[in-house]
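Data file: structure-v3.txt. Format and content: compact mmCIF, C-alpha atoms.
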```
# COMPACT_ATOMS: atom_id res chain seq x y z
CA MET A 1 -41.01 6.03 -12.58
CA TYR A 2 -38.25 3.47 -13.08
CA ASN A 3 -38.20 2.58 -9.44
CA LYS A 4 -41.88 1.60 -9.41
CA GLN A 5 -41.46 -0.79 -12.30
CA MET A 6 -38.25 -2.22 -10.87
CA GLU A 7 -39.58 -2.28 -7.31
CA LEU A 8 -36.56 -0.41 -6.04
CA TYR A 9 -36.12 2.49 -3.65
CA GLU A 10 -35.05 5.86 -5.02
CA PRO A 11 -31.25 6.17 -4.58
CA TYR A 12 -31.43 8.38 -1.46
CA GLN A 13 -34.06 6.20 0.24
CA GLY A 14 -32.03 3.09 -0.58
CA PHE A 15 -28.80 4.71 0.58
CA ILE A 16 -30.06 5.70 4.04
CA ARG A 17 -31.54 2.22 4.48
CA GLY A 18 -28.46 0.39 3.17
CA ASN A 19 -30.67 -1.55 0.77
CA MET A 20 -32.12 -0.71 -2.68
CA PHE A 21 -34.59 -3.60 -2.59
CA PRO A 22 -37.83 -3.07 -0.63
CA ASN A 23 -38.57 -6.82 -0.72
CA LEU A 24 -35.29 -7.48 1.16
CA TYR A 25 -35.40 -4.50 3.51
CA ASP A 26 -35.50 -5.45 7.18
CA GLN A 27 -35.96 -2.46 9.48
CA TYR A 28 -34.31 -2.47 12.91
CA GLY A 29 -34.95 0.67 14.94
CA LYS A 30 -35.23 4.03 13.22
CA ILE A 31 -34.29 5.12 9.71
CA TYR A 32 -31.54 7.76 9.94
CA ASP A 33 -31.30 10.59 7.43
CA VAL A 34 -27.84 11.60 6.29
CA LYS A 35 -27.42 15.23 7.36
CA PRO A 36 -24.64 16.95 5.40
CA MET A 37 -22.98 19.70 7.45
CA ASN A 38 -21.79 21.85 4.53
CA GLU A 39 -21.96 22.24 0.75
CA GLN A 40 -19.14 19.78 0.15
CA ALA A 41 -20.82 17.13 2.28
CA GLU A 42 -24.11 17.77 0.49
CA LEU A 43 -22.59 17.15 -2.94
CA LEU A 44 -20.81 14.11 -1.54
CA THR A 45 -24.14 12.73 -0.31
CA TYR A 46 -25.54 12.89 -3.86
CA LEU A 47 -22.49 11.05 -5.10
CA ASP A 48 -22.69 8.55 -2.21
CA MET A 49 -26.29 7.66 -2.97
CA PHE A 50 -25.66 6.89 -6.63
CA ASP A 51 -22.48 5.05 -5.74
CA PHE A 52 -24.46 3.01 -3.25
CA ALA A 53 -27.20 2.23 -5.77
CA LEU A 54 -24.48 0.99 -8.13
CA ILE A 55 -22.91 -1.24 -5.45
CA ASP A 56 -26.25 -2.81 -4.60
CA LEU A 57 -27.37 -3.32 -8.22
CA ASN A 58 -23.93 -4.73 -9.03
CA LEU A 59 -24.34 -7.47 -6.40
CA TYR A 60 -27.84 -8.22 -7.68
CA LEU A 61 -26.64 -8.45 -11.28
CA ASP A 62 -23.74 -10.76 -10.34
CA VAL A 63 -26.32 -13.44 -9.56
CA HIS A 64 -29.09 -12.29 -11.94
CA PRO A 65 -27.07 -11.48 -15.06
CA GLU A 66 -30.03 -11.85 -17.45
CA ASN A 67 -32.03 -8.92 -16.06
CA ALA A 68 -31.84 -6.42 -18.96
CA LYS A 69 -33.96 -3.77 -17.21
CA MET A 70 -31.64 -3.80 -14.21
CA ILE A 71 -28.62 -3.48 -16.51
CA GLU A 72 -30.25 -0.49 -18.16
CA LEU A 73 -30.92 1.06 -14.75
CA TYR A 74 -27.33 0.34 -13.67
CA ASN A 75 -26.08 2.28 -16.67
CA SER A 76 -28.37 5.23 -16.03
CA PHE A 77 -27.11 5.42 -12.39
CA LEU A 78 -23.56 5.12 -13.70
CA GLN A 79 -24.09 8.18 -15.89
CA GLU A 80 -25.43 10.15 -12.88
CA LYS A 81 -22.48 9.03 -10.77
CA ARG A 82 -19.95 10.07 -13.41
CA ASN A 83 -21.52 13.53 -13.69
CA LEU A 84 -21.57 13.98 -9.91
CA MET A 85 -18.01 12.73 -9.54
CA LYS A 86 -16.81 15.24 -12.14
CA LYS A 87 -18.70 18.05 -10.41
CA TYR A 88 -17.29 17.06 -7.00
CA GLU A 89 -13.71 16.74 -8.21
CA GLU A 90 -13.86 20.10 -10.01
CA SER A 91 -14.69 21.80 -6.70
CA TYR A 92 -13.00 19.66 -4.06
CA GLY A 93 -10.16 17.76 -5.70
CA PRO A 94 -9.56 14.22 -6.87
CA LEU A 95 -11.40 11.21 -5.44
CA THR A 96 -9.10 8.74 -7.21
CA THR A 97 -5.57 8.93 -8.57
CA ASN A 98 -7.00 9.16 -12.08
CA GLY A 99 -9.50 11.88 -11.18
CA LEU A 100 -9.57 15.60 -11.92
CA GLY A 101 -7.14 18.18 -10.53
CA LEU A 102 -4.03 15.99 -10.37
CA ASP A 103 -2.03 18.44 -12.50
CA MET A 104 -1.67 20.93 -9.62
CA VAL A 105 1.48 21.71 -7.65
CA PRO A 106 1.76 20.79 -4.84
CA TRP A 107 0.33 17.29 -5.40
CA SER A 108 -3.38 17.64 -4.63
CA TRP A 109 -3.99 13.97 -3.78
CA ASP A 110 -2.44 14.59 -0.33
CA ASN A 111 -4.97 17.26 0.60
CA ASN A 112 -6.99 16.99 3.79
CA PRO A 113 -9.54 15.98 4.83
CA TRP A 114 -9.09 12.24 4.45
CA PRO A 115 -12.36 10.33 4.56
CA TRP A 116 -12.13 9.15 8.18
CA GLU A 117 -11.64 12.70 9.48
CA VAL A 118 -14.68 14.63 10.73
CA MET B 119 -6.00 -4.89 -8.55
CA PHE B 120 -7.52 -2.42 -6.17
CA LYS B 121 -7.84 1.36 -6.45
CA TYR B 122 -8.68 3.69 -3.60
CA VAL B 123 -11.65 6.06 -3.73
CA LYS B 124 -11.09 8.94 -1.30
CA LYS B 125 -14.47 8.78 0.43
CA LEU B 126 -16.41 6.44 2.71
CA GLU B 127 -19.26 4.24 1.48
CA TYR B 128 -21.52 5.96 4.05
CA PRO B 129 -20.50 9.05 6.06
CA VAL B 130 -19.09 8.73 9.58
CA ASN B 131 -19.16 11.92 11.67
CA VAL B 132 -19.00 11.05 15.35
CA GLN B 133 -19.03 14.18 17.50
CA ARG B 134 -19.04 12.67 20.99
CA LYS B 135 -16.07 10.87 22.55
CA ASP B 136 -17.12 7.44 23.86
CA LEU B 137 -14.30 5.11 24.82
CA LYS B 138 -16.53 2.25 25.93
CA MET B 139 -18.22 2.15 22.52
CA ALA B 140 -14.81 2.37 20.83
CA LYS B 141 -13.71 -0.76 22.69
CA LEU B 142 -16.92 -2.60 21.73
CA LEU B 143 -16.82 -1.47 18.09
CA LEU B 144 -13.26 -2.68 17.69
CA THR B 145 -14.64 -6.24 17.51
CA GLN B 146 -16.29 -5.40 14.17
CA TYR B 147 -12.81 -4.43 13.00
CA GLY B 148 -10.72 -7.40 14.14
CA GLY B 149 -13.16 -9.85 15.78
CA PRO B 150 -14.45 -13.18 14.43
CA ASN B 151 -17.53 -11.59 12.82
CA GLY B 152 -15.73 -8.38 11.93
CA GLU B 153 -15.33 -6.69 8.59
CA TRP B 154 -11.64 -7.52 8.23
CA ALA B 155 -12.40 -11.23 8.52
CA ALA B 156 -15.29 -10.89 6.05
CA ALA B 157 -13.23 -9.02 3.45
CA MET B 158 -10.36 -11.49 3.60
CA ARG B 159 -12.72 -14.50 3.68
CA TYR B 160 -14.53 -13.59 0.45
CA LEU B 161 -11.54 -12.24 -1.45
CA ASN B 162 -9.76 -15.49 -0.59
CA GLN B 163 -12.63 -17.92 -1.29
CA ARG B 164 -13.31 -16.47 -4.74
CA PHE B 165 -10.39 -18.46 -6.16
CA THR B 166 -12.30 -21.71 -5.67
CA MET B 167 -15.72 -20.57 -6.92
CA PRO B 168 -16.77 -22.84 -9.81
CA ASP B 169 -18.08 -20.27 -12.30
CA GLU B 170 -18.15 -16.62 -13.24
CA ARG B 171 -21.12 -15.71 -11.03
CA GLY B 172 -19.31 -16.83 -7.89
CA LYS B 173 -16.05 -15.18 -8.84
CA ALA B 174 -17.90 -11.90 -9.47
CA LEU B 175 -20.05 -11.99 -6.33
CA LEU B 176 -17.22 -12.86 -3.92
CA THR B 177 -14.95 -10.24 -5.48
CA ASP B 178 -17.62 -7.56 -5.19
CA ILE B 179 -18.86 -8.39 -1.69
CA GLY B 180 -15.23 -8.76 -0.50
CA THR B 181 -14.45 -5.35 -1.96
CA GLU B 182 -17.48 -3.78 -0.27
CA GLU B 183 -16.34 -5.29 3.04
CA MET B 184 -13.07 -3.36 2.66
CA ALA B 185 -15.18 -0.19 2.64
CA HIS B 186 -16.85 -1.43 5.83
CA VAL B 187 -13.46 -2.00 7.49
CA GLU B 188 -12.77 1.66 6.75
CA MET B 189 -16.11 2.81 8.21
CA ILE B 190 -15.56 0.87 11.46
CA ALA B 191 -12.01 2.21 11.71
CA ALA B 192 -13.31 5.76 11.18
CA MET B 193 -15.90 5.30 13.96
CA VAL B 194 -13.36 3.90 16.44
CA ASP B 195 -10.81 6.57 15.56
CA GLN B 196 -13.34 9.38 16.01
CA LEU B 197 -14.64 7.91 19.29
CA ILE B 198 -11.15 7.94 20.87
CA GLN B 199 -9.97 11.28 19.45
CA GLY B 200 -8.19 13.29 22.11
CA ALA B 201 -8.75 10.78 24.93
CA SER B 202 -6.39 11.29 27.86
CA VAL B 203 -4.61 8.49 29.72
CA GLU B 204 -7.04 9.05 32.63
CA GLU B 205 -10.07 8.73 30.38
CA LEU B 206 -8.67 5.55 28.82
CA GLU B 207 -8.10 4.15 32.30
CA ALA B 208 -11.68 4.96 33.35
CA ALA B 209 -12.96 3.04 30.29
CA GLY B 210 -10.80 -0.01 31.08
CA LEU B 211 -8.53 0.73 28.12
CA THR B 212 -5.22 1.05 29.98
CA PRO B 213 -3.94 -2.32 28.67
CA HIS B 214 -4.80 -1.20 25.14
CA TYR B 215 -3.03 2.11 25.70
CA VAL B 216 0.14 0.46 27.01
CA GLU B 217 0.43 -1.88 24.04
CA TYR B 218 -1.10 0.15 21.21
CA ASP B 219 -1.55 3.77 22.38
CA HIS B 220 -4.31 5.22 20.11
CA ALA B 221 -3.64 2.75 17.30
CA LEU B 222 -6.42 0.60 15.82
CA PHE B 223 -5.21 -2.87 16.64
CA PRO B 224 -7.56 -5.55 15.23
CA MET B 225 -8.93 -7.57 18.13
CA ASP B 226 -12.23 -8.88 19.43
CA VAL B 227 -14.27 -7.45 22.29
CA GLU B 228 -12.24 -9.47 24.84
CA GLY B 229 -8.92 -8.27 23.43
CA VAL B 230 -8.13 -11.48 21.50
CA PRO B 231 -6.04 -10.46 18.47
CA PHE B 232 -7.26 -11.10 14.93
CA THR B 233 -6.43 -14.58 13.66
CA SER B 234 -6.50 -16.09 10.16
CA ALA B 235 -8.74 -18.87 11.54
CA TYR B 236 -11.61 -16.36 11.04
CA ILE B 237 -11.08 -16.49 7.28
CA GLU B 238 -12.59 -19.99 6.77
CA ALA B 239 -11.81 -21.67 3.46
CA THR B 240 -12.57 -25.28 2.54
CA GLY B 241 -12.14 -25.39 -1.23
CA ASP B 242 -15.73 -26.65 -1.36
CA TYR B 243 -17.86 -23.82 -2.79
CA LEU B 244 -21.09 -25.01 -1.16
CA ALA B 245 -19.48 -25.35 2.26
CA ASP B 246 -17.86 -21.93 1.82
CA LEU B 247 -21.13 -20.26 0.77
CA LEU B 248 -22.97 -21.84 3.72
CA SER B 249 -20.30 -20.49 6.05
CA ASP B 250 -20.54 -17.07 4.36
CA MET B 251 -24.31 -17.01 4.90
CA ALA B 252 -23.79 -17.88 8.57
CA ALA B 253 -21.05 -15.23 8.88
CA GLU B 254 -23.40 -12.56 7.53
CA GLN B 255 -26.07 -13.59 10.04
CA ARG B 256 -23.58 -13.52 12.92
CA ALA B 257 -22.37 -10.07 11.88
CA ARG B 258 -26.00 -8.89 11.69
CA VAL B 259 -26.56 -10.06 15.29
CA THR B 260 -23.37 -8.31 16.45
CA TYR B 261 -24.56 -5.07 14.80
CA GLU B 262 -27.96 -5.40 16.49
CA ASN B 263 -26.24 -5.82 19.86
CA LEU B 264 -24.07 -2.76 19.19
CA ILE B 265 -27.17 -0.78 18.17
CA ASN B 266 -28.80 -1.86 21.45
CA VAL B 267 -25.98 -0.47 23.61
CA THR B 268 -25.73 3.07 22.22
CA LYS B 269 -28.07 6.06 21.91
CA ASP B 270 -25.69 8.17 19.81
CA PRO B 271 -27.38 8.91 16.44
CA ASP B 272 -23.92 9.53 14.93
CA LEU B 273 -23.23 5.82 15.53
CA LEU B 274 -26.74 4.46 14.98
CA GLY B 275 -26.88 5.71 11.36
CA PRO B 276 -23.73 3.92 10.16
CA LEU B 277 -24.39 0.85 12.35
CA SER B 278 -27.91 0.48 10.91
CA PHE B 279 -26.50 0.83 7.40
CA LEU B 280 -23.86 -1.84 8.07
CA ARG B 281 -26.43 -4.17 9.65
CA GLN B 282 -28.64 -3.91 6.57
CA ARG B 283 -25.71 -4.73 4.26
CA GLU B 284 -25.34 -8.06 6.09
CA ILE B 285 -28.92 -8.92 5.11
CA VAL B 286 -28.34 -8.09 1.45
CA HIS B 287 -25.05 -10.02 1.35
CA TYR B 288 -26.70 -13.02 3.05
CA THR B 289 -29.44 -13.00 0.39
CA ARG B 290 -26.99 -12.85 -2.53
CA PHE B 291 -24.87 -15.69 -1.09
CA LYS B 292 -28.04 -17.73 -0.61
CA GLU B 293 -29.17 -17.09 -4.20
CA LEU B 294 -25.74 -18.15 -5.47
CA LYS B 295 -25.73 -21.29 -3.34
CA GLU B 296 -29.18 -22.30 -4.61
CA TYR B 297 -28.12 -21.62 -8.19
CA TYR B 298 -25.07 -23.88 -7.74
CA GLU B 299 -27.14 -26.66 -6.19
CA GLU B 300 -29.41 -26.52 -9.21
CA LYS B 301 -26.51 -26.35 -11.65
CA TYR B 302 -24.04 -28.81 -10.09
CA GLY B 303 -26.03 -30.84 -7.55
CA LYS B 304 -26.33 -30.79 -3.79
CA GLN B 305 -22.76 -31.92 -3.12
CA LYS B 306 -19.53 -30.79 -4.66
CA LYS B 307 -18.02 -33.67 -6.64
CA ASN B 308 -14.36 -34.32 -6.08
CA MET B 309 -13.64 -34.65 -9.78
CA GLU B 310 -9.89 -34.20 -9.46
CA ARG B 311 -9.49 -37.33 -7.39
```

Kindly transcribe the structure held in the file into structure tokens.
Amino acid sequence: MYNKQMELYEPYQGFIRGNMFPNLYDQYGKIYDVKPMNEQAELLTYLDMFDFALIDLNLYLDVHPENAKMIELYNSFLQEKRNLMKKYEESYGPLTTNGLGLDMVPWSWDNNPWPWEV
Amino acid sequence: MFKYVKKLEYPVNVQRKDLKMAKLLLTQYGGPNGEWAAAMRYLNQRFTMPDERGKALLTDIGTEEMAHVEMIAAMVDQLIQGASVEELEAAGLTPHYVEYDHALFPMDVEGVPFTSAYIEATGDYLADLLSDMAAEQRARVTYENLINVTKDPDLLGPLSFLRQREIVHYTRFKELKEYYEEKYGKQKKNMER
């Protein structure tokens, strides 16, 4: 698939490694799976992995702006991320102050949990 | 401008209280090789990058470092949740408690408060990129040392992720530096003089 041609990890494999690029990956100790504890965390993990792939491809493209295949891949990940973000916000509330569910009273942006809370 | 996304870059769910690790981890918050210093360093240096590639890369890596500040803060906060005064004393954290209670005060592992000297800016893009590459390597070493002193998988996952990001950032800075050397020469020319 795309990842073979591009020599990239699949988004989840890249996410748990902290690196989408096998040629740069430097293992230190074990590889740790992300273990979501509930449905919300599971959906968030899907979103996290596409978000991560976008962050890592973004940095690559900043210094390799001519790579058309990588730009195409960036845009396909972006589409996945947008779909997942919409799905997440529909169930669990807004992730940004221009997200979904901000028309509710009381103001849903305040709602717990905040990201640093277990 | 900056907009907040209400999630972490990588999940932090620390179940076990560990005050000694909290004290050690605080250095990656406010120490010389910490994430705060990195974020401020790159977001500040981007103003003197010579072309669009540098402005983009330093903006984007600096922004990612802000997400790392948040991850470290989440780890420290979760590690000290519910700690009593006695427990803080046993971990050698009484001085911290007296001054800061359970607050996350940015300091290094010896308690030295964060200083803007960590930010490093010369106005010379090659010197800055070299210092950024070195900073990423130093932060990688610090993460390896932190990984070596804990067995808690709840910490090892995020710490391994953060360590790996240092390697990717180092590589991108290096690629940018080599591109600039090719494009502008091995030394920055003081054209304004």

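Checking B:Ala235, B:Val130, B:Ala208, B:Ile190 one by one against B:Arg159, counting only C-alpha atoms, you find the shortest gap at B:Ala235.
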
For this session: Just the residues within 10 Å of A:Leu43, please, counting all atoms listed in the file, with nothing from its chain fewer than 6 positions along; format it as a PyMOL selection string.
Result: chain A and resi 36+84-85+87-88+91-92

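Between atom CA of A:Leu44 and atom CA of A:Leu61 there is a distance of 25.3 Å.
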
Quick one: residues within 8 Å of A:Glu117, only C-alpha atoms, excluding same-chain residues fewer than 2 positions away - as an mmCIF file with C-alpha atoms, in the coordinates of the input?
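Printed below is out_23.cif as written:
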```cif
data_model
loop_
_atom_site.group_PDB
_atom_site.id
_atom_site.type_symbol
_atom_site.label_atom_id
_atom_site.label_comp_id
_atom_site.auth_asym_id
_atom_site.auth_seq_id
_atom_site.Cartn_x
_atom_site.Cartn_y
_atom_site.Cartn_z
ATOM 1 C CA PRO A 113 -9.540 15.980 4.830
ATOM 2 C CA TRP A 114 -9.090 12.240 4.450
ATOM 3 C CA PRO A 115 -12.360 10.330 4.560
ATOM 4 C CA ASN B 131 -19.160 11.920 11.670
ATOM 5 C CA ALA B 192 -13.310 5.760 11.180
ATOM 6 C CA GLN B 196 -13.340 9.380 16.010
#
```

Problem set entry | Sel. within 12 Å of pt (-6.3, -4.2, -6.0), counting all atoms listed in the file, output as an NGL selection string | :B and (119-123 or 161 or 177-178 or 180-181 or 184)

For this session: Give as an MDAnalysis selection string every residue of chain B that touches chain A within 10 Å, counting all atoms listed in the file.
Result: chainID B and resid 121:133 170:179 182 188:196 262 265:266 271:272 274:276 278:287 289:291 293:294 297

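Shell of B:Thr166 at 8 Å, with only C-alpha atoms counted and residues fewer than 4 places along the chain excluded, is B:Gly241, B:Asp242, B:Tyr243.
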
Problem set entry | Shortest interatomic distance to B:Thr212 - which of B:Leu248, B:Thr260, B:Asp169, B:Leu137, counting only C-alpha atoms | B:Leu137

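Relative to atom CA of B:Thr233, atom CA of B:Ala209 is found at 25.1 Å.
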